[in-house]
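Here the structure is laid out as structure tokens; the discussion comes afterwards.
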Amino acid sequence: MTAALLALENGMSFRGFAFGDLAAESEGEVIFNTAMTGYQEALTDPSYYKQILTFTYPHIGNYGINPHDGEAATFQAAGLIVREYSPTHSNWRASMSLQEFMQHDHKIGIEGIDTRALVRVLRSEGVMRGIISAKETNADTLIDRARAIPSMDGLDLTGFVTTSVPYLWQETAEPFILQVNGYRSPKKLRVAALDFGIKRNILRRLASYGCEIMVFPSDTSAQEIRDFKPDGVFLSNGPGDPAAVTYAIENIKELVQEFPVFGICLGHQLLGLAFGAETAKMKFGHRGVNHPVKNLLSGDIEITSQNHGFAVERDSMPPTLELTHINLNDQTVSGFRHRTLPVFCVQYHPEASPGTHDSDYLFRQFIESMMEAKKGQKAKG
């Protein structure tokens with residue numbers, strides 16, 4: 001086994017053993033996820049770009065990697081921290097091991113450290129910059145390098161994970177995709193999806209409801225979206241500081257006046273900023289698949305999948321926005337809607353994957369808002 005070192009900007013270091021691509025190094029913001037399953041979906045989620053992901057569940061890698069469950073084609077997280085990596089995988093769907101996947105994408109992980117101690121540090125002091133290396137064994141050197149990594153505050157990362165050109169999402173016959181319970185829009189609805197780091201399962205859910213989806217780069221202008229003539233606009237998840245994505249905020253200010261809009265995660269934060277609210281970095285964020293959220297409109301409690309390190313500031317929301325969902329762990333904003341425009345969003349992931357399907361109704365809500373808008377347009381015409 002090859003020795004490896006994790007160094008943090010606060011001066012702490014952890015020694016363990018490397019797996020994945022031993023020649024690589026990983027640097028970024030060290031965070032943690034409390035999910036017990038779904039490591040493939042998490043590691044391929046573009047929202048984890050430039051972040052080193054710690055799993056609190058102690059045993060990772062035991063079911064390998066398969067061709068269908070990735071949220072992107074490649075490993076998106078900067079690196080991986082686990083208590084114990086399983087070199088042997090057992091799953092009839094798997095086509096390769098986690099080790100092989102990481103080697104292919106030149107990513108390094110560290111195992112054999114006390115992840116409980118690490119997570120206690122991240123919870124008490126907040127997430128922080130760090131480096132994993134199997135090449136540099138001097139802790140002081142790596143700590144200095146960690147302190148030089150750019151902070152996530154003020155960092156726009158969407159350009160690194162967005163599509164370079166627009167593309168039409170092709171509905172596939174992939175197995176194990178949750179099917180809609182008999183509900184599809186009666187007419188094909190055109191959705192323009194702005195890609196800030198979009199998860200594939202979001203596209204699968206929209207397609208399963210009968211939508212035709214054109215995915216656009218994050219810096220696409222409002223006029224280009226208009227030229228597509230969509231029935232609605234979707235704003236995706238993604239990494240980095242939402243306040244730094246100024247070009248998208250300006251475009252969104254125009255789009256919300258013309259189309260039904262649905263935002264998830266970063267899309268939720270960008271909508272808040274477009275309407276005049278503020279966002280702030282959280283101490284250690286929400287990353288897991290069991291976060292309780294209260295729907296203030298229905299009174300229902302939803303168990304949700306979440307992955308974010310920034311949040312909309314509740315006290316900064318203007319009167320034009322209505323709070324619709326709150327996180328019951330810390331009372332942070334989990335969703336809002338505009339009081340007069342067909343615009344709504346949530347901070348969590350209704351497409352789950354991994355996670356529960358409690359919040360899938362939000363996709364149907366988006367479908368119905370687009371159908372209502374089409375009726376209104378016909379009545380005017």
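The way I read the labels, and the way they are meant: chains A, B, ... in the order of the structure tokens, residue 1 as the first residue of every chain, and ligand 1 as the first ligand shown, with later ones counted on from there.
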
From a backbone DSSP assignment, name each residue in segment 129-257 of chain A labelled strand (DSSP E), as a short mmCIF file (atom, residue, chain, number, x, y, z; two decimals) with C-alpha atoms, in the first residue's frame.
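New file out_12.cif:
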data_model
loop_
_atom_site.label_atom_id
_atom_site.label_comp_id
_atom_site.auth_asym_id
_atom_site.auth_seq_id
_atom_site.Cartn_x
_atom_site.Cartn_y
_atom_site.Cartn_z
CA ARG A 129 -9.22 23.95 1.68
CA GLY A 130 -7.06 20.85 1.53
CA ILE A 131 -4.78 18.63 -0.55
CA ILE A 132 -4.38 14.85 -0.96
CA SER A 133 -0.98 13.66 -2.16
CA TYR A 167 -27.58 19.84 -27.47
CA LEU A 168 -30.91 18.08 -27.55
CA LEU A 189 -43.38 20.72 -24.11
CA ARG A 190 -40.12 22.45 -25.08
CA VAL A 191 -37.78 23.15 -22.18
CA ALA A 192 -34.64 25.27 -22.37
CA ALA A 193 -32.28 23.97 -19.68
CA LEU A 194 -29.44 26.29 -18.69
CA ASP A 195 -26.53 24.03 -17.77
CA CYS A 211 -40.57 17.20 -22.33
CA GLU A 212 -38.29 17.94 -25.26
CA ILE A 213 -35.16 19.40 -23.65
CA MET A 214 -32.52 21.57 -25.28
CA VAL A 215 -29.52 22.01 -22.99
CA PHE A 216 -27.71 25.36 -23.31
CA PRO A 217 -24.32 26.56 -22.04
CA GLY A 232 -40.39 26.94 -20.02
CA VAL A 233 -36.87 27.48 -18.73
CA PHE A 234 -35.03 25.22 -16.29
CA LEU A 235 -32.07 26.45 -14.20
#

Exercise for review: Name the residues of segment 15-136 of chain A that come out as helix (DSSP H, G or I) in a backbone DSSP run; write them as a VMD selection string.
Suggested key: chain A and resid 39 to 43 46 to 48 98 to 104 115 to 125

Exercise for review: Would you kindly return, as a PyMOL selection string, each protein, DNA or RNA residue with an atom no farther than 9 Å from any atom of Ala244 of chain A, considering only C-alpha atoms and excluding same-chain residues fewer than 5 positions away?
Suggested key: chain A and resi 153-157

Filtering to N, CA and C atoms, could you give me those residues as an mmCIF file, in the first residue's frame?
data_model
loop_
_atom_site.group_PDB
_atom_site.id
_atom_site.type_symbol
_atom_site.label_atom_id
_atom_site.label_comp_id
_atom_site.auth_asym_id
_atom_site.auth_seq_id
_atom_site.Cartn_x
_atom_site.Cartn_y
_atom_site.Cartn_z
ATOM 1 N N ASP A 153 -15.484 31.219 -1.963
ATOM 2 C CA ASP A 153 -16.171 32.516 -1.989
ATOM 3 C C ASP A 153 -15.720 33.317 -3.200
ATOM 4 N N GLY A 154 -16.679 33.786 -3.991
ATOM 5 C CA GLY A 154 -16.371 34.602 -5.154
ATOM 6 C C GLY A 154 -15.899 33.830 -6.365
ATOM 7 N N LEU A 155 -16.026 32.498 -6.331
ATOM 8 C CA LEU A 155 -15.502 31.657 -7.409
ATOM 9 C C LEU A 155 -16.630 31.187 -8.325
ATOM 10 N N ASP A 156 -16.546 31.549 -9.600
ATOM 11 C CA ASP A 156 -17.489 31.051 -10.605
ATOM 12 C C ASP A 156 -16.872 29.820 -11.264
ATOM 13 N N LEU A 157 -17.467 28.656 -11.035
ATOM 14 C CA LEU A 157 -16.939 27.409 -11.584
ATOM 15 C C LEU A 157 -17.809 26.841 -12.694
#

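Using only C-alpha atoms for every distance, the candidate list A:Val343, A:Phe275, A:Tyr348, A:Ser298 yields A:Tyr348 as the residue closest to Phe310 of chain A.
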
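The nearest approach to Gln257 of chain A among the residues A:Glu372, A:Thr356, A:Met1, A:His338, with only C-alpha atoms taken into account, belongs to A:His338.
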
Exercise for review: Determine, counting only C-alpha atoms, which protein, DNA and RNA residues have an atom within 9 Å of an atom of Thr320 of chain A; residues of the same chain fewer than 2 positions away are not included. Present the result as number ranges by chain.
Suggested key: A: 275, 317-318, 322, 337-340

Output N, CA and C atoms of each residue in that selection to a file, as a CSV table (one decimal), in the first residue's frame.
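For reference, result.csv as written:
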chain,number,residue,atom,x,y,z
A,275,PHE,N,-33.9,38.2,-8.2
A,275,PHE,CA,-35.0,39.0,-7.7
A,275,PHE,C,-34.6,39.9,-6.5
A,317,MET,N,-34.9,38.2,1.4
A,317,MET,CA,-35.9,38.0,0.3
A,317,MET,C,-36.9,39.1,0.2
A,318,PRO,N,-37.1,39.7,-1.0
A,318,PRO,CA,-38.1,40.8,-1.2
A,318,PRO,C,-39.5,40.3,-1.0
A,322,GLU,N,-42.3,34.4,-2.1
A,322,GLU,CA,-43.0,33.7,-1.0
A,322,GLU,C,-42.2,32.5,-0.6
A,337,ARG,N,-41.3,30.8,-4.2
A,337,ARG,CA,-41.9,31.1,-5.5
A,337,ARG,C,-42.2,32.5,-5.6
A,338,HIS,N,-42.4,33.0,-6.8
A,338,HIS,CA,-42.8,34.4,-7.0
A,338,HIS,C,-44.3,34.5,-6.8
A,339,ARG,N,-44.7,35.6,-6.3
A,339,ARG,CA,-46.1,35.8,-5.9
A,339,ARG,C,-47.0,36.0,-7.2
A,340,THR,N,-46.5,36.5,-8.3
A,340,THR,CA,-47.3,36.7,-9.4
A,340,THR,C,-46.8,36.1,-10.7

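Minimum atom-to-atom distances from A:Arg93, A:Arg15, A:Lys375, A:His291 to Glu136 of chain A were compared using only C-alpha atoms, and the lowest value belongs to A:Arg15.
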
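Closest approach to Ile81 of chain A among A:Ala3, A:Leu8, A:Ile113, A:Leu142 is made by A:Ile113 (distances from only C-alpha atoms).
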
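Remark: for Ala94 of chain A, the closest of the candidate residues A:Gly288, A:Gly28, A:Gly61, A:Gly112 is A:Gly61 (distances computed over only C-alpha atoms).
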